Amino acid sequence: MPDASSAARERRRVLVAGATGYIGKHVVAELTRRGHDVVALARSRSGVSGALDEAAARRALGGAEVRFCEITDARSIAQDGVRGERFDAVVSCLATRSGAPEDAWRIEHRANLDLLEATRQSAGAHFVLLSAICVQKPRLAFQHAKLAFETALMESKRTYSIVRPTAFFKSLSGQVAKVKRGKPFVMFGDGELTACKPISERDLARFLADCLDDPSRRNAVLPIGGPGAAITPREQGELLFELARVAPRFRRVPVRVLDAVIAVLDAAGRVVPSLRDKAELARIGRYYATESMLVLDGASGAYDADATPSTGTDTLRDFYARVLRDGLAGQELGEHAVF
């Protein structure tokens, strides 16, 4: 895909939702670096586990005008966030933290619909949506919710760019500390069941920002991965052991273990409703243990690494080296932790 980073850019007024999220804060930083006027929407308590109060959010989003609203309240989005003002572009990085079905539909679908409606007066605004590559084979509530909004956006007659990234570096960082301590790297099956082209938050933010300037990315669905070849979980483990200078130790977990966990939680959820969300989390874990984050060939039903576009310069090797040296600051998984 062409890179619009060096193209002549027009200064725009951009509204960013999900601005304090893992990707959102980097999108705000990239847009402000490029000279755009950015209005960033945040909750009064935001970040992983609500760690950021309003003052901390303003510091984290320096260079942007920060507005606080309740993203699950359509009136708050309109009155506290958009305020009836016009924008040249809207970037939505909204995403559920828990993956629970109710939360997924409330955030991935309803909140995005409310954002689309609240910015209706900016009819010419380019709407850039951060989605996910896993919606190609939807089996989970959050995937169906994402797809439902993708469809609504495409039918809205607004100019859009739907960006579907592969795995984030963050999602591959859960076992770094364990490996550093000499613990085994856990993988499902032989560690070759899946592959991905992981992308850094910085490279993804640049790609999202480029959508505003690159005509080829308008009214398009854009799968995207990071630089280099696709990597399997086993190769991730081997890379970690090499960088940590630790003797390789792998622990294989049969996928049927996850199937058993899901069955137990599904049964228990009929009695204890709170366990239903735990069952969904287990299904999410199973999905990522068995499905690649690459472009899916609709004809063959196979994942295709060669067909998965690449962008950026940040490599997983460099990321792992930095985390092994400096720790997970800024990469905490929070509610997304699986291992």
# chains A, B, ... in the order shown; residues from 1 in each chain; ligands from 1
>>> residues_around(residues="range 178-184 of chain A", least_positions_apart="2", cutoff="7 Å", atoms="only C-alpha atoms", output="PDB file with all heavy atoms, in the first residue's frame")
ATOM      1  N   GLN A 175       3.935 -13.121  28.058  1.00  0.00           N
ATOM      2  CA  GLN A 175       4.826 -14.120  28.641  1.00  0.00           C
ATOM      3  C   GLN A 175       6.278 -13.644  28.752  1.00  0.00           C
ATOM      4  O   GLN A 175       7.159 -14.422  29.128  1.00  0.00           O
ATOM      5  CB  GLN A 175       4.772 -15.410  27.812  1.00  0.00           C
ATOM      6  CG  GLN A 175       3.385 -16.037  27.770  1.00  0.00           C
ATOM      7  CD  GLN A 175       3.423 -17.443  27.235  1.00  0.00           C
ATOM      8  OE1 GLN A 175       3.935 -18.358  27.862  1.00  0.00           O
ATOM      9  NE2 GLN A 175       2.862 -17.618  26.046  1.00  0.00           N
ATOM     10  N   VAL A 176       6.528 -12.372  28.451  1.00  0.00           N
ATOM     11  CA  VAL A 176       7.906 -11.878  28.475  1.00  0.00           C
ATOM     12  C   VAL A 176       8.517 -12.013  29.860  1.00  0.00           C
ATOM     13  O   VAL A 176       9.634 -12.527  30.016  1.00  0.00           O
ATOM     14  CB  VAL A 176       7.955 -10.408  28.000  1.00  0.00           C
ATOM     15  CG1 VAL A 176       9.385  -9.871  28.131  1.00  0.00           C
ATOM     16  CG2 VAL A 176       7.472 -10.290  26.561  1.00  0.00           C
ATOM     17  N   VAL A 186       4.417 -20.938  27.149  1.00  0.00           N
ATOM     18  CA  VAL A 186       3.218 -21.756  26.953  1.00  0.00           C
ATOM     19  C   VAL A 186       2.685 -21.551  25.539  1.00  0.00           C
ATOM     20  O   VAL A 186       2.547 -20.419  25.068  1.00  0.00           O
ATOM     21  CB  VAL A 186       2.133 -21.380  27.981  1.00  0.00           C
ATOM     22  CG1 VAL A 186       0.868 -22.210  27.737  1.00  0.00           C
ATOM     23  CG2 VAL A 186       2.648 -21.589  29.403  1.00  0.00           C
ATOM     24  N   PHE A 241      13.476 -16.422  24.046  1.00  0.00           N
ATOM     25  CA  PHE A 241      14.563 -17.156  24.705  1.00  0.00           C
ATOM     26  C   PHE A 241      15.926 -16.671  24.221  1.00  0.00           C
ATOM     27  O   PHE A 241      16.858 -16.508  25.013  1.00  0.00           O
ATOM     28  CB  PHE A 241      14.418 -18.658  24.458  1.00  0.00           C
ATOM     29  CG  PHE A 241      13.281 -19.293  25.198  1.00  0.00           C
ATOM     30  CD1 PHE A 241      12.288 -19.991  24.519  1.00  0.00           C
ATOM     31  CD2 PHE A 241      13.201 -19.207  26.573  1.00  0.00           C
ATOM     32  CE1 PHE A 241      11.241 -20.576  25.197  1.00  0.00           C
ATOM     33  CE2 PHE A 241      12.150 -19.800  27.276  1.00  0.00           C
ATOM     34  CZ  PHE A 241      11.165 -20.481  26.580  1.00  0.00           C
ATOM     35  N   ALA A 244      16.527 -13.179  25.727  1.00  0.00           N
ATOM     36  CA  ALA A 244      16.692 -13.237  27.177  1.00  0.00           C
ATOM     37  C   ALA A 244      17.913 -14.054  27.589  1.00  0.00           C
ATOM     38  O   ALA A 244      18.276 -14.080  28.769  1.00  0.00           O
ATOM     39  CB  ALA A 244      15.439 -13.831  27.820  1.00  0.00           C
ATOM     40  N   VAL A 246      18.182 -17.267  27.661  1.00  0.00           N
ATOM     41  CA  VAL A 246      17.671 -18.311  28.552  1.00  0.00           C
ATOM     42  C   VAL A 246      17.483 -19.579  27.724  1.00  0.00           C
ATOM     43  O   VAL A 246      17.054 -19.518  26.565  1.00  0.00           O
ATOM     44  CB  VAL A 246      16.324 -17.884  29.174  1.00  0.00           C
ATOM     45  CG1 VAL A 246      15.719 -19.011  29.997  1.00  0.00           C
ATOM     46  CG2 VAL A 246      16.509 -16.638  30.040  1.00  0.00           C
ATOM     47  N   ARG A 249      12.501 -23.421  26.879  1.00  0.00           N
ATOM     48  CA  ARG A 249      11.619 -24.375  27.547  1.00  0.00           C
ATOM     49  C   ARG A 249      10.196 -24.076  27.094  1.00  0.00           C
ATOM     50  O   ARG A 249       9.689 -22.978  27.312  1.00  0.00           O
ATOM     51  CB  ARG A 249      11.703 -24.260  29.070  1.00  0.00           C
ATOM     52  CG  ARG A 249      13.037 -24.689  29.678  1.00  0.00           C
ATOM     53  CD  ARG A 249      13.022 -24.438  31.187  1.00  0.00           C
ATOM     54  NE  ARG A 249      11.949 -25.199  31.826  1.00  0.00           N
ATOM     55  CZ  ARG A 249      11.430 -24.862  33.020  1.00  0.00           C
ATOM     56  NH1 ARG A 249      11.839 -23.788  33.654  1.00  0.00           N
ATOM     57  NH2 ARG A 249      10.472 -25.610  33.553  1.00  0.00           N
ATOM     58  N   PHE A 250       9.571 -25.063  26.473  1.00  0.00           N
ATOM     59  CA  PHE A 250       8.204 -24.887  25.989  1.00  0.00           C
ATOM     60  C   PHE A 250       7.249 -25.805  26.744  1.00  0.00           C
ATOM     61  O   PHE A 250       7.609 -26.929  27.109  1.00  0.00           O
ATOM     62  CB  PHE A 250       8.117 -25.197  24.492  1.00  0.00           C
ATOM     63  CG  PHE A 250       8.798 -24.184  23.618  1.00  0.00           C
ATOM     64  CD1 PHE A 250      10.112 -24.368  23.206  1.00  0.00           C
ATOM     65  CD2 PHE A 250       8.128 -23.046  23.206  1.00  0.00           C
ATOM     66  CE1 PHE A 250      10.747 -23.435  22.392  1.00  0.00           C
ATOM     67  CE2 PHE A 250       8.753 -22.107  22.385  1.00  0.00           C
ATOM     68  CZ  PHE A 250      10.063 -22.307  21.984  1.00  0.00           C
ATOM     69  N   ARG A 251       6.050 -25.304  26.962  1.00  0.00           N
ATOM     70  CA  ARG A 251       5.001 -26.141  27.549  1.00  0.00           C
ATOM     71  C   ARG A 251       3.839 -26.173  26.571  1.00  0.00           C
ATOM     72  O   ARG A 251       3.237 -25.150  26.249  1.00  0.00           O
ATOM     73  CB  ARG A 251       4.533 -25.572  28.886  1.00  0.00           C
ATOM     74  CG  ARG A 251       3.368 -26.372  29.515  1.00  0.00           C
ATOM     75  CD  ARG A 251       3.019 -25.846  30.882  1.00  0.00           C
ATOM     76  NE  ARG A 251       4.138 -26.049  31.802  1.00  0.00           N
ATOM     77  CZ  ARG A 251       4.252 -25.412  32.962  1.00  0.00           C
ATOM     78  NH1 ARG A 251       3.339 -24.518  33.317  1.00  0.00           N
ATOM     79  NH2 ARG A 251       5.280 -25.661  33.753  1.00  0.00           N
TER      80      ARG A 251
END
>>> residues_around(residues="Asp314 in chain A", least_positions_apart="3", cutoff="10 Å", atoms="only C-alpha atoms", output="PyMOL selection string")
chain A and resi 169+198-203+226-228+311+317-319
>>> closest_residue(among="A:Ile284, A:Cys211, A:Leu265, A:Val163", to="Ile224 in chain A", atoms="only C-alpha atoms")
A:Val163
>>> closest_residue(among="A:Leu316, A:Leu129, A:Val82, A:Leu94", to="Leu243 in chain A", atoms="only C-alpha atoms")
A:Leu316
>>> residues_around(residues="range 58-66 of chain A", least_positions_apart="2", cutoff="12 Å", atoms="only C-alpha atoms", output="compact mmCIF listing (two decimals) with C-alpha atoms, in the first residue's frame")
# COMPACT_ATOMS: atom_id res chain seq x y z
CA ARG A 13 -9.89 19.43 12.65
CA VAL A 14 -10.07 15.84 13.88
CA LEU A 15 -12.23 14.24 16.56
CA VAL A 16 -10.70 11.14 18.17
CA ALA A 17 -12.82 8.75 20.25
CA GLY A 18 -11.17 6.18 22.48
CA ALA A 19 -8.30 8.64 22.82
CA THR A 20 -6.79 7.20 26.00
CA GLY A 21 -6.73 3.61 24.74
CA TYR A 22 -3.62 1.67 23.76
CA GLY A 24 -5.89 5.94 20.62
CA LYS A 25 -3.27 7.87 22.57
CA HIS A 26 -0.71 7.19 19.85
CA VAL A 27 -3.17 8.33 17.18
CA VAL A 28 -3.68 11.60 19.06
CA ALA A 29 0.09 12.08 19.34
CA GLU A 30 0.60 11.37 15.62
CA LEU A 31 -2.18 13.68 14.49
CA THR A 32 -0.99 16.55 16.68
CA ARG A 33 2.60 15.97 15.50
CA ARG A 34 1.35 16.46 11.95
CA GLY A 35 -0.21 19.79 12.86
CA HIS A 36 -3.88 18.79 12.95
CA ASP A 37 -6.26 20.37 15.46
CA VAL A 38 -7.30 17.41 17.59
CA VAL A 39 -10.26 17.11 19.95
CA ALA A 40 -9.80 13.95 22.05
CA LEU A 41 -12.75 12.28 23.78
CA ALA A 42 -12.12 10.48 27.06
CA ARG A 43 -14.00 9.25 30.08
CA SER A 44 -13.46 10.98 33.43
CA ARG A 45 -11.74 7.75 34.51
CA SER A 46 -9.93 6.08 31.65
CA GLY A 47 -6.95 3.92 30.76
CA ALA A 51 -5.95 4.46 36.13
CA LEU A 52 -6.19 7.93 34.52
CA ASP A 53 -8.20 10.73 36.08
CA GLU A 54 -9.00 13.89 34.12
CA ALA A 55 -5.73 15.63 34.93
CA ALA A 56 -3.69 12.54 33.98
CA PHE A 68 -14.75 14.24 28.87
CA CYS A 69 -17.93 12.36 28.12
CA ASP A 80 -20.13 16.98 26.11
CA GLY A 81 -18.06 15.58 23.26
CA VAL A 82 -19.13 16.82 19.84
CA GLY A 330 2.74 1.14 28.78
>>> select_by_dssp(residues="range 42-234 of chain A", states="strand (DSSP E)", output="ChimeraX atom specification")
/A:42,65-68,89-92,126-130,160-165,185-188,220-224
>>> atom_distance(atom1="CA of Ala167 in chain A", atom2="CA of Val264 in chain A")
28.4 Å
>>> atom_distance(atom1="CA of Ala195 in chain A", atom2="CA of Thr290 in chain A")
9.4 Å
>>> closest_residue(among="A:Ile231, A:Leu258, A:Val91, A:Ala78", to="Thr166 in chain A", atoms="only C-alpha atoms")
A:Ile231
>>> closest_atom_pairs(of="range 81-105 of chain A", to="range 140-147 of chain A", cutoff="9 Å", atoms="only C-alpha atoms", output="Markdown table")
| residue | atom | partner | partner_atom | distance |
| --- | --- | --- | --- | --- |
| A:Ala95 | CA | A:Phe142 | CA | 8.8 |
| A:Thr96 | CA | A:Phe142 | CA | 7.6 |
| A:Gly99 | CA | A:Phe142 | CA | 6.1 |
| A:Ala100 | CA | A:Ala141 | CA | 7.4 |
| A:Pro101 | CA | A:Ala141 | CA | 5.0 |
| A:Glu102 | CA | A:Ala141 | CA | 8.3 |
| A:Asp103 | CA | A:Phe142 | CA | 8.4 |
| A:Ala104 | CA | A:Phe142 | CA | 4.8 |
| A:Trp105 | CA | A:Ala145 | CA | 5.3 |
>>> residues_around(residues="Pro233 in chain A", least_positions_apart="5", cutoff="9 Å", atoms="only C-alpha atoms", output="JSON, numbers by chain")
{"A": [172, 186, 187, 188, 190, 191, 192, 193, 194, 195, 196, 238]}
>>> write_last_selection(atoms="N, CA and C atoms", output="short mmCIF file (atom, residue, chain, number, x, y, z; two decimals), in the first residue's frame")
data_model
loop_
_atom_site.label_atom_id
_atom_site.label_comp_id
_atom_site.auth_asym_id
_atom_site.auth_seq_id
_atom_site.Cartn_x
_atom_site.Cartn_y
_atom_site.Cartn_z
N LEU A 172 1.19 -9.75 22.37
CA LEU A 172 2.20 -10.81 22.35
C LEU A 172 3.22 -10.65 23.48
N VAL A 186 4.42 -20.94 27.15
CA VAL A 186 3.22 -21.76 26.95
C VAL A 186 2.69 -21.55 25.54
N MET A 187 2.39 -22.65 24.86
CA MET A 187 1.82 -22.56 23.52
C MET A 187 0.80 -23.67 23.34
N PHE A 188 -0.14 -23.44 22.48
CA PHE A 188 -1.18 -24.44 22.22
C PHE A 188 -0.74 -25.34 21.06
N ASP A 190 1.46 -27.54 18.86
CA ASP A 190 2.90 -27.50 18.61
C ASP A 190 3.42 -26.08 18.42
N GLY A 191 2.57 -25.09 18.67
CA GLY A 191 2.99 -23.71 18.50
C GLY A 191 2.99 -23.23 17.07
N GLU A 192 2.49 -24.06 16.16
CA GLU A 192 2.48 -23.72 14.74
C GLU A 192 1.05 -23.61 14.20
N LEU A 193 0.07 -23.59 15.11
CA LEU A 193 -1.33 -23.56 14.67
C LEU A 193 -1.70 -22.22 14.03
N THR A 194 -1.05 -21.15 14.46
CA THR A 194 -1.42 -19.82 14.00
C THR A 194 -0.17 -19.00 13.66
N ALA A 195 -0.42 -17.87 13.01
CA ALA A 195 0.66 -16.92 12.72
C ALA A 195 0.05 -15.53 12.61
N CYS A 196 0.89 -14.52 12.72
CA CYS A 196 0.44 -13.14 12.59
C CYS A 196 1.60 -12.28 12.11
N GLU A 238 10.86 -18.74 20.71
CA GLU A 238 12.29 -18.90 20.38
C GLU A 238 13.00 -17.54 20.36
#
>>> residues_around(residues="Val128 in chain A", least_positions_apart="5", cutoff="7 Å", atoms="only C-alpha atoms", output="mmCIF file with C-alpha atoms, in the first residue's frame")
data_model
loop_
_atom_site.group_PDB
_atom_site.id
_atom_site.type_symbol
_atom_site.label_atom_id
_atom_site.label_comp_id
_atom_site.auth_asym_id
_atom_site.auth_seq_id
_atom_site.Cartn_x
_atom_site.Cartn_y
_atom_site.Cartn_z
ATOM 1 C CA VAL A 90 -13.473 11.434 12.954
ATOM 2 C CA VAL A 91 -11.196 8.629 14.140
ATOM 3 C CA SER A 92 -12.774 5.957 16.327
ATOM 4 C CA TYR A 160 -14.809 5.921 5.486
ATOM 5 C CA SER A 161 -11.649 3.923 6.026
ATOM 6 C CA ILE A 162 -12.048 0.662 7.954
#
>>> closest_residue(among="A:Lys170, A:Arg75, A:Arg9, A:Arg110", to="Tyr320 in chain A", atoms="only C-alpha atoms")
A:Lys170
>>> residues_around(residues="Ala125 in chain A", least_positions_apart="5", cutoff="9 Å", atoms="only C-alpha atoms", output="ChimeraX atom specification")
/A:14,86-90,119-120,158-160
>>> write_last_selection(atoms="N, CA, C and O atoms", output="PDB file, in the first residue's frame")
ATOM      1  N   VAL A  14      -9.812  17.269  13.759  1.00  0.00           N
ATOM      2  CA  VAL A  14     -10.072  15.836  13.876  1.00  0.00           C
ATOM      3  C   VAL A  14     -10.596  15.504  15.270  1.00  0.00           C
ATOM      4  O   VAL A  14     -10.010  15.915  16.283  1.00  0.00           O
ATOM      5  N   ARG A  86     -18.354  21.211  13.984  1.00  0.00           N
ATOM      6  CA  ARG A  86     -18.021  20.511  12.754  1.00  0.00           C
ATOM      7  C   ARG A  86     -16.576  20.027  12.800  1.00  0.00           C
ATOM      8  O   ARG A  86     -15.690  20.690  13.339  1.00  0.00           O
ATOM      9  N   PHE A  87     -16.350  18.865  12.200  1.00  0.00           N
ATOM     10  CA  PHE A  87     -15.015  18.283  12.122  1.00  0.00           C
ATOM     11  C   PHE A  87     -14.758  17.829  10.693  1.00  0.00           C
ATOM     12  O   PHE A  87     -15.684  17.461   9.966  1.00  0.00           O
ATOM     13  N   ASP A  88     -13.496  17.841  10.316  1.00  0.00           N
ATOM     14  CA  ASP A  88     -13.110  17.366   8.989  1.00  0.00           C
ATOM     15  C   ASP A  88     -12.939  15.853   8.962  1.00  0.00           C
ATOM     16  O   ASP A  88     -13.035  15.223   7.906  1.00  0.00           O
ATOM     17  N   ALA A  89     -12.649  15.275  10.132  1.00  0.00           N
ATOM     18  CA  ALA A  89     -12.444  13.828  10.213  1.00  0.00           C
ATOM     19  C   ALA A  89     -12.782  13.348  11.618  1.00  0.00           C
ATOM     20  O   ALA A  89     -12.669  14.098  12.590  1.00  0.00           O
ATOM     21  N   VAL A  90     -13.204  12.110  11.684  1.00  0.00           N
ATOM     22  CA  VAL A  90     -13.473  11.434  12.954  1.00  0.00           C
ATOM     23  C   VAL A  90     -12.683  10.136  12.947  1.00  0.00           C
ATOM     24  O   VAL A  90     -12.746   9.373  11.971  1.00  0.00           O
ATOM     25  N   THR A 119     -22.005  13.204  14.918  1.00  0.00           N
ATOM     26  CA  THR A 119     -21.193  13.983  13.971  1.00  0.00           C
ATOM     27  C   THR A 119     -21.885  14.107  12.616  1.00  0.00           C
ATOM     28  O   THR A 119     -21.249  14.394  11.609  1.00  0.00           O
ATOM     29  N   ARG A 120     -23.184  13.899  12.610  1.00  0.00           N
ATOM     30  CA  ARG A 120     -23.939  13.941  11.362  1.00  0.00           C
ATOM     31  C   ARG A 120     -23.839  15.306  10.684  1.00  0.00           C
ATOM     32  O   ARG A 120     -23.861  15.408   9.450  1.00  0.00           O
ATOM     33  N   ARG A 158     -21.127   8.156   4.355  1.00  0.00           N
ATOM     34  CA  ARG A 158     -19.980   8.942   4.793  1.00  0.00           C
ATOM     35  C   ARG A 158     -18.721   8.362   4.161  1.00  0.00           C
ATOM     36  O   ARG A 158     -18.628   7.150   3.897  1.00  0.00           O
ATOM     37  N   THR A 159     -17.727   9.207   3.901  1.00  0.00           N
ATOM     38  CA  THR A 159     -16.425   8.711   3.473  1.00  0.00           C
ATOM     39  C   THR A 159     -15.815   7.943   4.644  1.00  0.00           C
ATOM     40  O   THR A 159     -15.817   8.428   5.783  1.00  0.00           O
ATOM     41  N   TYR A 160     -15.307   6.748   4.389  1.00  0.00           N
ATOM     42  CA  TYR A 160     -14.809   5.921   5.486  1.00  0.00           C
ATOM     43  C   TYR A 160     -13.507   5.223   5.106  1.00  0.00           C
ATOM     44  O   TYR A 160     -13.189   5.030   3.932  1.00  0.00           O
TER      45      TYR A 160
END
